[in-house]
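> As input, take coords.cif (mmCIF, C-alpha atoms):
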data_input
#
loop_
_atom_site.group_PDB
_atom_site.id
_atom_site.type_symbol
_atom_site.label_atom_id
_atom_site.label_comp_id
_atom_site.auth_asym_id
_atom_site.auth_seq_id
_atom_site.Cartn_x
_atom_site.Cartn_y
_atom_site.Cartn_z
ATOM 1 C CA MET A 11 -51.994 127.739 -22.494
ATOM 2 C CA GLY A 12 -49.648 129.977 -20.651
ATOM 3 C CA LEU A 13 -45.976 129.141 -20.911
ATOM 4 C CA ALA A 14 -43.623 130.226 -18.174
ATOM 5 C CA PRO A 15 -41.189 133.008 -19.023
ATOM 6 C CA PHE A 16 -37.472 132.237 -19.064
ATOM 7 C CA TYR A 17 -34.361 134.295 -18.563
ATOM 8 C CA SER A 18 -31.658 134.759 -21.200
ATOM 9 C CA PRO A 19 -28.657 137.094 -21.354
ATOM 10 C CA LYS A 20 -30.915 139.548 -23.204
ATOM 11 C CA GLY A 21 -33.420 139.549 -20.391
ATOM 12 C CA TRP A 22 -36.784 137.926 -19.622
ATOM 13 C CA HIS A 23 -38.673 136.475 -22.603
ATOM 14 C CA GLU A 24 -41.913 134.701 -23.105
ATOM 15 C CA ALA A 25 -41.575 131.118 -24.456
ATOM 16 C CA ASP A 26 -42.454 130.770 -28.144
ATOM 17 C CA PRO A 27 -45.195 128.117 -28.549
ATOM 18 C CA GLU A 28 -44.200 127.348 -32.155
ATOM 19 C CA ARG A 29 -40.648 126.638 -31.096
ATOM 20 C CA GLY A 30 -41.876 124.152 -28.482
ATOM 21 C CA ARG A 31 -44.065 122.352 -31.056
ATOM 22 C CA ALA A 32 -41.145 122.101 -33.490
ATOM 23 C CA MET A 33 -39.003 120.562 -30.758
ATOM 24 C CA ILE A 34 -41.713 117.971 -29.948
ATOM 25 C CA ARG A 35 -42.067 117.119 -33.674
ATOM 26 C CA LYS A 36 -38.309 116.593 -33.986
ATOM 27 C CA LEU A 37 -38.278 114.462 -30.843
ATOM 28 C CA ILE A 38 -41.089 112.245 -32.140
ATOM 29 C CA LEU A 39 -39.445 111.954 -35.573
ATOM 30 C CA SER A 40 -36.139 110.959 -33.957
ATOM 31 C CA ALA A 41 -37.865 108.298 -31.838
ATOM 32 C CA VAL A 42 -39.640 106.867 -34.897
ATOM 33 C CA MET A 43 -36.389 106.763 -36.908
ATOM 34 C CA ALA A 44 -34.500 105.084 -34.056
ATOM 35 C CA THR A 45 -37.235 102.463 -33.678
ATOM 36 C CA ALA A 46 -37.256 101.775 -37.429
ATOM 37 C CA THR A 47 -33.481 101.413 -37.488
ATOM 38 C CA VAL A 48 -33.432 98.978 -34.577
ATOM 39 C CA ALA A 49 -36.289 96.972 -36.077
ATOM 40 C CA GLY A 50 -34.531 96.831 -39.445
ATOM 41 C CA VAL A 51 -31.214 95.684 -37.992
ATOM 42 C CA THR A 52 -32.772 92.994 -35.813
ATOM 43 C CA SER A 53 -34.777 91.584 -38.724
ATOM 44 C CA MET A 54 -31.582 90.833 -40.689
ATOM 45 C CA PRO A 55 -30.191 87.314 -40.389
ATOM 46 C CA ALA A 56 -27.132 87.032 -38.170
ATOM 47 C CA THR A 57 -25.194 84.864 -40.628
ATOM 48 C CA ALA A 58 -25.068 84.901 -44.376
ATOM 49 C CA GLU A 59 -26.780 81.999 -46.042
ATOM 50 C CA ALA A 60 -24.445 81.004 -48.846
ATOM 51 C CA ASN A 61 -23.044 77.857 -50.333
ATOM 52 C CA PRO A 62 -19.395 77.114 -49.643
ATOM 53 C CA PRO A 63 -17.070 78.177 -52.460
ATOM 54 C CA ALA A 64 -16.479 75.629 -55.170
ATOM 55 C CA LEU A 65 -12.897 74.474 -54.957
ATOM 56 C CA PHE A 66 -11.369 73.024 -58.056
ATOM 57 C CA PRO A 67 -8.281 70.877 -57.751
ATOM 58 C CA ARG A 68 -5.267 72.878 -58.876
ATOM 59 C CA ARG A 69 -2.165 71.391 -60.405
ATOM 60 C CA PHE A 70 1.222 72.931 -61.021
ATOM 61 C CA GLU A 71 3.296 71.713 -63.935
ATOM 62 C CA VAL A 72 7.037 72.373 -64.044
ATOM 63 C CA MET A 73 8.170 73.023 -67.620
ATOM 64 C CA VAL A 74 11.866 72.896 -68.569
ATOM 65 C CA HIS A 75 13.364 74.326 -71.768
ATOM 66 C CA ARG A 76 15.879 71.810 -73.077
ATOM 67 C CA GLY A 77 17.527 73.535 -76.017
ATOM 68 C CA PRO A 78 16.528 72.165 -79.428
ATOM 69 C CA GLN A 79 14.011 69.797 -77.866
ATOM 70 C CA GLY A 80 11.955 72.787 -76.660
ATOM 71 C CA TRP A 81 9.763 72.889 -73.579
ATOM 72 C CA GLN A 82 9.178 69.578 -71.826
ATOM 73 C CA SER A 83 7.145 68.721 -68.746
ATOM 74 C CA HIS A 84 9.337 67.760 -65.816
ATOM 75 C CA GLY A 85 6.409 66.867 -63.536
ATOM 76 C CA THR A 86 3.033 67.809 -62.150
ATOM 77 C CA TYR A 87 2.517 68.686 -58.477
ATOM 78 C CA LYS A 88 -0.480 69.309 -56.220
ATOM 79 C CA LEU A 89 1.203 72.073 -54.223
ATOM 80 C CA HIS A 90 2.897 75.177 -55.567
ATOM 81 C CA ALA A 91 5.603 74.785 -52.912
ATOM 82 C CA GLN A 92 6.558 71.359 -54.284
ATOM 83 C CA ALA A 93 6.708 72.703 -57.837
ATOM 84 C CA GLU A 94 8.784 75.678 -56.687
ATOM 85 C CA LEU A 95 11.346 73.433 -54.963
ATOM 86 C CA VAL A 96 11.807 71.375 -58.124
ATOM 87 C CA ALA A 97 12.018 74.555 -60.229
ATOM 88 C CA ILE A 98 14.721 76.005 -57.957
ATOM 89 C CA ARG A 99 16.772 72.825 -58.253
ATOM 90 C CA LEU A 100 16.452 72.865 -62.060
ATOM 91 C CA ARG A 101 17.371 76.572 -62.245
ATOM 92 C CA HIS A 102 20.508 75.928 -60.197
ATOM 93 C CA ALA A 103 21.394 73.238 -62.726
ATOM 94 C CA GLY A 104 21.270 75.935 -65.454
ATOM 95 C CA ASN A 105 17.844 75.282 -67.011
ATOM 96 C CA ARG A 106 15.120 77.730 -67.984
ATOM 97 C CA VAL A 107 12.064 76.790 -65.942
ATOM 98 C CA GLU A 108 8.408 77.826 -65.824
ATOM 99 C CA ILE A 109 5.649 76.779 -63.458
ATOM 100 C CA ARG A 110 2.234 76.597 -65.088
ATOM 101 C CA GLU A 111 -0.971 76.387 -63.098
ATOM 102 C CA PHE A 112 -4.053 74.618 -64.368
ATOM 103 C CA PHE A 113 -7.301 73.335 -62.937
ATOM 104 C CA SER A 114 -7.989 69.652 -63.275
ATOM 105 C CA GLU A 115 -11.410 68.065 -63.516
ATOM 106 C CA LYS A 116 -12.905 66.540 -60.392
#
Do you think you could lay out the structure here as structure tokens?

Amino acid sequence: MGLAPFYSPKGWHEADPERGRAMIRKLILSAVMATATVAGVTSMPATAEANPPALFPRRFEVMVHRGPQGWQSHGTYKLHAQAELVAIRLRHAGNRVEIREFFSEK
């Protein structure tokens, strides 16, 4: 099989048959890898199949320190914002306040 000569800055050269075969092998390998990648990506499900997260009801308890009586519960709230508003009011009245979070049973 006679390959056509080509011109380079160094002058006319004969084409190397081994170099041409290596290029064809790389081209075929690249095509196979691209096909495998596309096939692998398309075989994956579009959405994840998972159960929704389990949500446990949360409660927020406002605890007030009342001197010698110690810590007492001032109230329990469903939202942290509600508990925080009560805690701010109690702090402005001069009390030590903590908000404790706990999970209640369903």
> For each of A:Val72, A:Leu65, A:Val48, A:Ile38, take the minimum atom-to-atom distance to Ile98 in chain A, counting all atoms listed in the file, then give the residue where this is smallest.
A:Val72
> Rounded to one decimal, what separation in Å do you get between CA of Gly104 in chain A and CA of His84 in chain A?
14.5 Å
> Rounded to one decimal, what separation in Å do you get between CA of Pro63 in chain A and CA of His90 in chain A?
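Separation of CA of Pro63 in chain A and CA of His90 in chain A: 20.4 Å.
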> Name the closest residue to Glu94 in chain A among the candidates A:Ala49, A:Ala60, A:Met33, A:Phe70; distances are taken between atoms, counting all atoms listed in the file.
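Nearest to Glu94 in chain A: A:Phe70.
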> In Å, how far is it from CA of Gly85 in chain A to CA of Pro67 in chain A?
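According to the coordinates, CA of Gly85 in chain A and CA of Pro67 in chain A are separated by 16.3 Å.
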> Counting all atoms listed in the file, select every polymer residue within 8 Å of (5.0, 72.8, -67.4) as defined in the file's coordinates, and provide the selection as a JSON list (two decimals) with C-alpha atoms, keeping the file's coordinate frame.

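The resulting out25.json:
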[["chain", "number", "residue", "atom", "x", "y", "z"],
["A", 70, "PHE", "CA", 1.22, 72.93, -61.02],
["A", 71, "GLU", "CA", 3.30, 71.71, -63.94],
["A", 72, "VAL", "CA", 7.04, 72.37, -64.04],
["A", 73, "MET", "CA", 8.17, 73.02, -67.62],
["A", 74, "VAL", "CA", 11.87, 72.90, -68.57],
["A", 81, "TRP", "CA", 9.76, 72.89, -73.58],
["A", 82, "GLN", "CA", 9.18, 69.58, -71.83],
["A", 83, "SER", "CA", 7.14, 68.72, -68.75],
["A", 84, "HIS", "CA", 9.34, 67.76, -65.82],
["A", 85, "GLY", "CA", 6.41, 66.87, -63.54],
["A", 86, "THR", "CA", 3.03, 67.81, -62.15],
["A", 108, "GLU", "CA", 8.41, 77.83, -65.82],
["A", 109, "ILE", "CA", 5.65, 76.78, -63.46],
["A", 110, "ARG", "CA", 2.23, 76.60, -65.09]]
> Could you check the closest approach to Phe112 in chain A for each of A:Ala97, A:Leu89, A:Leu37, A:Met43 and tell me which residue wins, using only C-alpha atoms?
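With only C-alpha atoms as the atom set, the closest residue is A:Leu89.
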> Which residue gives the smallest distance to His75 in chain A among A:Asn105, A:Gln92, A:Thr47, A:Ser114, with all atoms listed in the file counted?
A:Asn105
